[in-house]
Amino acid sequence: MHTWNYPEIGQLIGFVTEAITEMTKVSSGLTEDQFGADTTYIGWANILRQGGYHKMHTHPGSAWSGVYYIQDGLGGEPDDAPEDAGCIEFYDPRHGVEMVPVPGNPFGQRLWFPPESGRIYCFPAWLRHMVTPYQESRERVTIAFNVRVENFETFE
């Protein structure tokens with residue numbers, strides 16, 4: 001993706017870089033001037049048509065993953081479509097936590113987010129996720145990406 005010679009791709013890489021920098025700061029407890037790394041961006045375009053979905057998966061070999069919605073395709077779904085149709089869904093990675101009887105049932109629940117043109121979702125590549133069956137009649141166009149991080153170093 002980083003070799004595509006379009007200004008929009010440069011801008012998208014800027015957004016992704018900003019997002020993964022913020023996530024690295026939060027996850028490491030460091031400030032931006034306290035770490036550095038070499039990064040490799042791998043991206044691909046997806047076109048999702050009615051009935052399409054992405055089964056549950058992770059992105060091995062990468063630190064961060066994400067999706068950018070170019071065209072969400074919304075506006076043509078049938079009235080009887082489920083509320084979460086075509087949403088990206090994330091799963092609690094802790095095996096068996098849904099078995100913990102805690103008031104409010106806060107553990108092991110799925111978390112889903114709707115598509116929205118211009119929105120970007122970034123997340124740790126190890127986090128299990130999927131896209132529920134898409135019900136819209138128009139095509140959805142996204143760019144998905146992985147970010148590999150090598151030579152991560154911290155500074156005093």
# chains A, B, ... in the order shown; residues from 1 in each chain; ligands from 1
call {"tool": "residues_around", "arguments": {"residues": "Phe145 (chain A)", "least_positions_apart": "4", "cutoff": "10 Å", "atoms": "only C-alpha atoms", "output": "PyMOL selection string"}}
result
chain A and resi 1+13+16+41-45+59+62+64-68+122+125
call {"tool": "write_last_selection", "arguments": {"atoms": "N, CA and C atoms", "output": "compact mmCIF listing (two decimals), in the first residue's frame"}}
result
# COMPACT_ATOMS: atom_id res chain seq x y z
N MET A 1 0.82 -1.19 0.00
CA MET A 1 0.00 0.00 0.00
C MET A 1 0.86 1.26 0.00
N ILE A 13 -1.89 6.80 5.13
CA ILE A 13 -0.74 6.32 5.90
C ILE A 13 -0.44 7.27 7.05
N VAL A 16 -2.96 6.41 9.72
CA VAL A 16 -2.61 5.14 10.35
C VAL A 16 -1.40 5.33 11.28
N TYR A 41 4.05 -1.14 6.27
CA TYR A 41 2.60 -1.10 6.06
C TYR A 41 2.23 -2.08 4.95
N ILE A 42 1.26 -2.92 5.23
CA ILE A 42 0.74 -3.85 4.24
C ILE A 42 -0.74 -3.57 4.13
N GLY A 43 -1.22 -3.28 2.95
CA GLY A 43 -2.63 -2.95 2.79
C GLY A 43 -3.23 -3.58 1.56
N TRP A 44 -4.54 -3.71 1.58
CA TRP A 44 -5.25 -4.29 0.46
C TRP A 44 -6.66 -3.73 0.45
N ALA A 45 -7.24 -3.68 -0.73
CA ALA A 45 -8.61 -3.19 -0.88
C ALA A 45 -9.58 -4.36 -0.79
N HIS A 59 -4.37 -11.36 12.68
CA HIS A 59 -3.36 -11.03 11.68
C HIS A 59 -1.96 -11.34 12.21
N SER A 62 1.97 -9.28 12.62
CA SER A 62 1.81 -7.83 12.64
C SER A 62 1.53 -7.37 14.06
N TRP A 64 -0.17 -4.19 14.60
CA TRP A 64 -1.44 -3.48 14.54
C TRP A 64 -2.15 -3.82 13.23
N SER A 65 -3.47 -3.74 13.26
CA SER A 65 -4.29 -3.95 12.07
C SER A 65 -5.39 -2.90 12.06
N GLY A 66 -6.07 -2.82 10.94
CA GLY A 66 -7.17 -1.88 10.89
C GLY A 66 -7.89 -1.90 9.56
N VAL A 67 -8.92 -1.07 9.49
CA VAL A 67 -9.72 -0.94 8.28
C VAL A 67 -10.14 0.52 8.14
N TYR A 68 -10.10 0.99 6.90
CA TYR A 68 -10.56 2.34 6.56
C TYR A 68 -11.73 2.19 5.61
N CYS A 122 -8.53 1.00 14.18
CA CYS A 122 -7.23 0.36 14.38
C CYS A 122 -7.31 -0.47 15.66
N ALA A 125 -3.25 -6.51 16.30
CA ALA A 125 -3.42 -7.55 15.28
C ALA A 125 -3.80 -8.90 15.87
call {"tool": "select_by_dssp", "arguments": {"residues": "region 9-141 of chain A", "states": "strand (DSSP E or B)", "output": "PyMOL selection string"}}
result
chain A and resi 35-48+54-57+64-71+88-90+111-113+120-124+129-131+140-141
call {"tool": "closest_residue", "arguments": {"among": "A:Val131, A:Val100, A:Ala37, A:Ile143", "to": "Thr24 (chain A)", "atoms": "only C-alpha atoms"}}
result
A:Ala37
call {"tool": "atom_distance", "arguments": {"atom1": "CA of Leu48 (chain A)", "atom2": "CA of Tyr91 (chain A)"}}
result
21.4 Å
call {"tool": "closest_residue", "arguments": {"among": "A:Glu32, A:Asn5, A:Gly75, A:Gly51", "to": "Glu18 (chain A)", "atoms": "only C-alpha atoms"}}
result
A:Glu32
call {"tool": "select_by_dssp", "arguments": {"residues": "chain A", "states": "alpha helix (DSSP H)", "output": "JSON, numbers by chain"}}
result
{"A": [7, 8, 9, 10, 11, 12, 13, 14, 15, 16, 17, 18, 19, 20, 21, 22, 23, 24, 25, 26, 27, 28]}
call {"tool": "decode", "arguments": {"residues": "region 24-53 of chain A", "atoms": "C-alpha atoms", "output": "PDB file, in the first residue's frame"}}
result
ATOM      1  CA  THR A  24       1.783   2.447  21.185  1.00  0.00           C
ATOM      2  CA  LYS A  25       1.953   5.323  23.662  1.00  0.00           C
ATOM      3  CA  VAL A  26      -1.041   3.989  25.587  1.00  0.00           C
ATOM      4  CA  SER A  27       0.078   0.350  25.539  1.00  0.00           C
ATOM      5  CA  SER A  28       3.727   1.079  26.438  1.00  0.00           C
ATOM      6  CA  GLY A  29       3.219   3.966  28.855  1.00  0.00           C
ATOM      7  CA  LEU A  30       5.840   5.951  26.939  1.00  0.00           C
ATOM      8  CA  THR A  31       5.664   9.344  25.297  1.00  0.00           C
ATOM      9  CA  GLU A  32       6.286   9.738  21.570  1.00  0.00           C
ATOM     10  CA  ASP A  33       9.834  11.023  22.105  1.00  0.00           C
ATOM     11  CA  GLN A  34      10.696   7.950  24.219  1.00  0.00           C
ATOM     12  CA  PHE A  35      10.439   5.297  21.472  1.00  0.00           C
ATOM     13  CA  GLY A  36      11.226   4.630  17.851  1.00  0.00           C
ATOM     14  CA  ALA A  37      10.750   1.755  15.411  1.00  0.00           C
ATOM     15  CA  ASP A  38      10.843   0.702  11.795  1.00  0.00           C
ATOM     16  CA  THR A  39       7.378   0.058  10.415  1.00  0.00           C
ATOM     17  CA  THR A  40       6.115  -1.749   7.346  1.00  0.00           C
ATOM     18  CA  TYR A  41       2.603  -1.101   6.065  1.00  0.00           C
ATOM     19  CA  ILE A  42       0.742  -3.855   4.242  1.00  0.00           C
ATOM     20  CA  GLY A  43      -2.632  -2.948   2.789  1.00  0.00           C
ATOM     21  CA  TRP A  44      -5.253  -4.289   0.457  1.00  0.00           C
ATOM     22  CA  ALA A  45      -8.610  -3.190  -0.883  1.00  0.00           C
ATOM     23  CA  ASN A  46     -11.828  -5.087  -0.128  1.00  0.00           C
ATOM     24  CA  ILE A  47     -15.130  -4.945  -1.941  1.00  0.00           C
ATOM     25  CA  LEU A  48     -17.945  -6.490   0.083  1.00  0.00           C
ATOM     26  CA  ARG A  49     -21.186  -7.301  -1.674  1.00  0.00           C
ATOM     27  CA  GLN A  50     -24.586  -8.295  -0.291  1.00  0.00           C
ATOM     28  CA  GLY A  51     -24.303 -11.471   1.774  1.00  0.00           C
ATOM     29  CA  GLY A  52     -20.515 -11.130   2.085  1.00  0.00           C
ATOM     30  CA  TYR A  53     -18.694 -11.389   5.401  1.00  0.00           C
TER      31      TYR A  53
END
